[in-house]
Structures are given as structure tokens and as C-alpha cells.
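Read the structure below first, then the notes.
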Amino acid sequence: MKVKDADILIVPGYTNSGPEHWQTRWQSKLSTARRVEQAEWSKPVREDWTANVARAVNEAERPVVLVAHSLGVAAAVQAIPKFQRPVAGAFFVAPPDV
């Protein structure tokens, strides 16, 4: 699968990813990448975070590739039961011990 054929969902962890973080760089370089936004980056609420990940997956127009870091990995994994479609792939980095 080519990048242009997938919706790449960037799922940052606690406090989001700053301008020099690899996730932010990937988002700026990959035309079909977008960040899954959270209302409270520094005060995570599991139900809210997982709902936002599930919503992004379910609203995607192309096959989904998840790119998650840290607490974003936990949110993505815990959102799986809410997915209404399969995910084509996932790249999980530095999952937390939660």
C-alpha cells in the first residue's frame, strides 16, 4: 500500500507532540497524515481519548494506518472495540506501562 492510499492517523501521547517531535515531522511530510486531536492533552481522560481515536478511524475514507506514541498507544489499543472497520496497519512506539 502506498502512503497516498491510506489515512495515516497520528496519535500522540501525553501533552501532545511538539514541533520537533518525529510524529509532527511525519505529519508534515505525509500528505494523508492527520493528528487525532484530544481536548485535554495534559489531563487525559481514557473514555475521551479512546472515543476520539475510534471516531477518527470510523470516519476515515481510506484504509487506516495508526501511528501512535506513548499514551497514544494505550488509547489506540483501548479504542479497538469501538472500531467499525478494520485497520490496515499500526506503528506503536514506546507504549506506557499502564
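Each chain of the C-alpha cells is named A, B, ... in the order shown, its residues numbered from 1; ligands are numbered from 1 in display order.
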Return as a Markdown table the residues of region 37-87 of chain A lying at most 12 Å from region 23-31 of chain A, together with the closest atom-to-atom pair for each and the distance in Å to one decimal, counting only C-alpha atoms, with rows in chain order and ascending residue number.
| residue | atom | partner | partner_atom | distance |
| --- | --- | --- | --- | --- |
| A:Leu66 | CA | A:Gln23 | CA | 11.4 |
| A:Val67 | CA | A:Gln23 | CA | 8.0 |
| A:Ala68 | CA | A:Gln23 | CA | 8.4 |
| A:His69 | CA | A:Gln23 | CA | 8.2 |
| A:Ser70 | CA | A:Gln23 | CA | 11.4 |
| A:Gly72 | CA | A:Gln23 | CA | 11.4 |
Next on the checklist: Going by DSSP on the backbone, which residues of chain A come out as alpha helix (DSSP H)? List them as a ChimeraX atom specification.
Outcome noted: /A:22-29,46-59,71-79
Restricting it to N, CA and C atoms, dump the selection as a CSV table (one decimal), in the first residue's frame.
chain,number,residue,atom,x,y,z
A,22,TRP,N,9.1,13.6,16.2
A,22,TRP,CA,9.1,12.8,14.9
A,22,TRP,C,7.6,12.7,14.4
A,23,GLN,N,6.7,12.6,15.3
A,23,GLN,CA,5.3,12.5,14.8
A,23,GLN,C,4.8,13.7,14.1
A,24,THR,N,5.2,14.9,14.6
A,24,THR,CA,4.9,16.2,13.9
A,24,THR,C,5.6,16.3,12.6
A,25,ARG,N,6.8,15.8,12.5
A,25,ARG,CA,7.5,15.8,11.3
A,25,ARG,C,6.9,14.9,10.3
A,26,TRP,N,6.5,13.7,10.7
A,26,TRP,CA,5.9,12.8,9.8
A,26,TRP,C,4.6,13.4,9.3
A,27,GLN,N,3.8,14.0,10.2
A,27,GLN,CA,2.5,14.6,9.8
A,27,GLN,C,2.7,15.6,8.7
A,28,SER,N,3.8,16.4,8.8
A,28,SER,CA,4.0,17.5,7.8
A,28,SER,C,4.5,16.9,6.5
A,29,LYS,N,5.2,15.8,6.5
A,29,LYS,CA,5.8,15.2,5.3
A,29,LYS,C,4.8,14.3,4.6
A,46,ARG,N,-9.5,8.6,29.8
A,46,ARG,CA,-9.4,7.5,28.9
A,46,ARG,C,-10.6,7.4,28.0
A,47,GLU,N,-11.8,7.6,28.5
A,47,GLU,CA,-13.0,7.5,27.6
A,47,GLU,C,-13.0,8.5,26.5
A,48,ASP,N,-12.6,9.7,26.8
A,48,ASP,CA,-12.5,10.7,25.7
A,48,ASP,C,-11.4,10.4,24.7
A,49,TRP,N,-10.3,10.0,25.2
A,49,TRP,CA,-9.2,9.7,24.2
A,49,TRP,C,-9.5,8.6,23.3
A,50,THR,N,-10.1,7.5,23.9
A,50,THR,CA,-10.4,6.4,23.1
A,50,THR,C,-11.5,6.7,22.1
A,51,ALA,N,-12.5,7.5,22.5
A,51,ALA,CA,-13.6,7.9,21.6
A,51,ALA,C,-13.1,8.7,20.5
A,52,ASN,N,-12.1,9.6,20.7
A,52,ASN,CA,-11.6,10.4,19.6
A,52,ASN,C,-10.8,9.5,18.6
A,53,VAL,N,-10.1,8.5,19.1
A,53,VAL,CA,-9.3,7.6,18.2
A,53,VAL,C,-10.3,6.8,17.4
A,54,ALA,N,-11.3,6.3,18.1
A,54,ALA,CA,-12.4,5.5,17.3
A,54,ALA,C,-13.1,6.3,16.3
A,55,ARG,N,-13.4,7.5,16.7
A,55,ARG,CA,-14.1,8.4,15.7
A,55,ARG,C,-13.2,8.6,14.5
A,56,ALA,N,-12.0,8.9,14.7
A,56,ALA,CA,-11.1,9.2,13.6
A,56,ALA,C,-11.0,7.9,12.6
A,57,VAL,N,-10.9,6.8,13.2
A,57,VAL,CA,-10.8,5.5,12.5
A,57,VAL,C,-12.1,5.3,11.7
A,58,ASN,N,-13.2,5.5,12.4
A,58,ASN,CA,-14.5,5.2,11.7
A,58,ASN,C,-14.9,6.2,10.7
A,59,GLU,N,-14.3,7.4,10.8
A,59,GLU,CA,-14.7,8.5,9.8
A,59,GLU,C,-13.7,8.5,8.6
A,71,LEU,N,1.2,7.3,25.5
A,71,LEU,CA,-0.1,7.2,25.9
A,71,LEU,C,-1.1,7.0,24.7
A,72,GLY,N,-0.7,7.5,23.6
A,72,GLY,CA,-1.5,7.4,22.4
A,72,GLY,C,-1.6,5.9,22.0
A,73,VAL,N,-0.6,5.1,22.3
A,73,VAL,CA,-0.7,3.6,22.0
A,73,VAL,C,-1.8,3.0,22.9
A,74,ALA,N,-1.8,3.4,24.2
A,74,ALA,CA,-2.8,2.8,25.1
A,74,ALA,C,-4.2,3.3,24.6
A,75,ALA,N,-4.4,4.5,24.2
A,75,ALA,CA,-5.7,5.0,23.7
A,75,ALA,C,-6.1,4.2,22.5
A,76,ALA,N,-5.2,4.0,21.5
A,76,ALA,CA,-5.5,3.3,20.3
A,76,ALA,C,-5.9,1.9,20.6
A,77,VAL,N,-5.1,1.2,21.4
A,77,VAL,CA,-5.5,-0.2,21.8
A,77,VAL,C,-6.8,-0.3,22.5
A,78,GLN,N,-7.1,0.6,23.4
A,78,GLN,CA,-8.3,0.5,24.1
A,78,GLN,C,-9.5,0.9,23.3
A,79,ALA,N,-9.3,1.6,22.2
A,79,ALA,CA,-10.3,2.0,21.3
A,79,ALA,C,-10.8,0.9,20.3
Checklist entry - If you run DSSP on the backbone, which residues of chain A are strand (DSSP E or B), as a list of chain:residue names? => result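 Strand (DSSP E or B) members of chain A, listed: A:Asp7, A:Ile8, A:Leu9, A:Ile10, A:Val11, A:Ala33, A:Arg34, A:Arg35, A:Val64, A:Val65, A:Leu66, A:Val67, A:Ala68, A:His69, A:Gly89, A:Ala90, A:Phe91, A:Phe92, A:Val93.
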Item to check | Pairwise distance for CA of Ile8 (chain A) and CA of Glu20 (chain A), rounded to one decimal in Å | outcome: 18.8 Å
Item to check | Residue contacts of Lys2 (chain A) (12 Å, only C-alpha atoms) excluding same-chain residues fewer than 2 positions away, as a ChimeraX atom specification | outcome: /A:4-8,30-32,62-65,88
Preceding selection exported with N, CA and C atoms as a PDB file, in the first residue's frame:
ATOM      1  N   LYS A   4      -0.282   7.437  -0.206  1.00  0.00           N
ATOM      2  CA  LYS A   4      -1.428   8.171  -0.753  1.00  0.00           C
ATOM      3  C   LYS A   4      -2.724   7.362  -0.712  1.00  0.00           C
ATOM      4  N   ASP A   5      -2.591   6.056  -0.508  1.00  0.00           N
ATOM      5  CA  ASP A   5      -3.760   5.181  -0.483  1.00  0.00           C
ATOM      6  C   ASP A   5      -4.280   4.895   0.919  1.00  0.00           C
ATOM      7  N   ALA A   6      -3.699   5.550   1.931  1.00  0.00           N
ATOM      8  CA  ALA A   6      -4.096   5.284   3.321  1.00  0.00           C
ATOM      9  C   ALA A   6      -4.321   6.582   4.076  1.00  0.00           C
ATOM     10  N   ASP A   7      -5.210   6.532   5.044  1.00  0.00           N
ATOM     11  CA  ASP A   7      -5.339   7.619   6.019  1.00  0.00           C
ATOM     12  C   ASP A   7      -4.416   7.265   7.174  1.00  0.00           C
ATOM     13  N   ILE A   8      -3.387   8.064   7.359  1.00  0.00           N
ATOM     14  CA  ILE A   8      -2.417   7.829   8.422  1.00  0.00           C
ATOM     15  C   ILE A   8      -2.835   8.683   9.606  1.00  0.00           C
ATOM     16  N   LEU A  30       3.867  13.665   5.280  1.00  0.00           N
ATOM     17  CA  LEU A  30       2.981  12.680   4.664  1.00  0.00           C
ATOM     18  C   LEU A  30       1.632  13.324   4.349  1.00  0.00           C
ATOM     19  N   SER A  31       1.302  13.375   3.084  1.00  0.00           N
ATOM     20  CA  SER A  31       0.131  14.136   2.635  1.00  0.00           C
ATOM     21  C   SER A  31      -1.193  13.624   3.197  1.00  0.00           C
ATOM     22  N   THR A  32      -1.276  12.365   3.529  1.00  0.00           N
ATOM     23  CA  THR A  32      -2.546  11.818   4.023  1.00  0.00           C
ATOM     24  C   THR A  32      -2.544  11.619   5.536  1.00  0.00           C
ATOM     25  N   ARG A  62     -10.139   6.173   3.627  1.00  0.00           N
ATOM     26  CA  ARG A  62      -9.251   5.170   3.035  1.00  0.00           C
ATOM     27  C   ARG A  62      -8.864   4.166   4.120  1.00  0.00           C
ATOM     28  N   PRO A  63      -8.148   3.108   3.746  1.00  0.00           N
ATOM     29  CA  PRO A  63      -7.630   2.207   4.781  1.00  0.00           C
ATOM     30  C   PRO A  63      -6.802   2.997   5.797  1.00  0.00           C
ATOM     31  N   VAL A  64      -6.883   2.604   7.051  1.00  0.00           N
ATOM     32  CA  VAL A  64      -6.248   3.345   8.143  1.00  0.00           C
ATOM     33  C   VAL A  64      -4.943   2.687   8.581  1.00  0.00           C
ATOM     34  N   VAL A  65      -3.932   3.534   8.782  1.00  0.00           N
ATOM     35  CA  VAL A  65      -2.697   3.130   9.445  1.00  0.00           C
ATOM     36  C   VAL A  65      -2.559   4.026  10.670  1.00  0.00           C
ATOM     37  N   ALA A  88      -5.669  -1.201   8.620  1.00  0.00           N
ATOM     38  CA  ALA A  88      -4.721  -1.846   7.712  1.00  0.00           C
ATOM     39  C   ALA A  88      -3.360  -2.070   8.355  1.00  0.00           C
TER      40      ALA A  88
END
Checklist entry - Which distance in Å separates CA of Glu37 (chain A) and CA of Met1 (chain A), to one decimal? => result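 These two atoms are separated by 25.2 Å.
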Next on the checklist: Which residue is closest to Lys43 (chain A)? Choose from A:Asn16, A:Asp97, A:Phe83, A:Val3 and count only C-alpha atoms.
Outcome noted: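 Of the candidates, the smallest distance to Lys43 (chain A) is held by A:Asn16.
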Next on the checklist: For a test of reading the model, state the distance in Å between CA of Gln38 (chain A) and CA of Pro12 (chain A), rounded to one decimal.
Outcome noted: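 Between CA of Gln38 (chain A) and CA of Pro12 (chain A) the gap works out to 9.1 Å.
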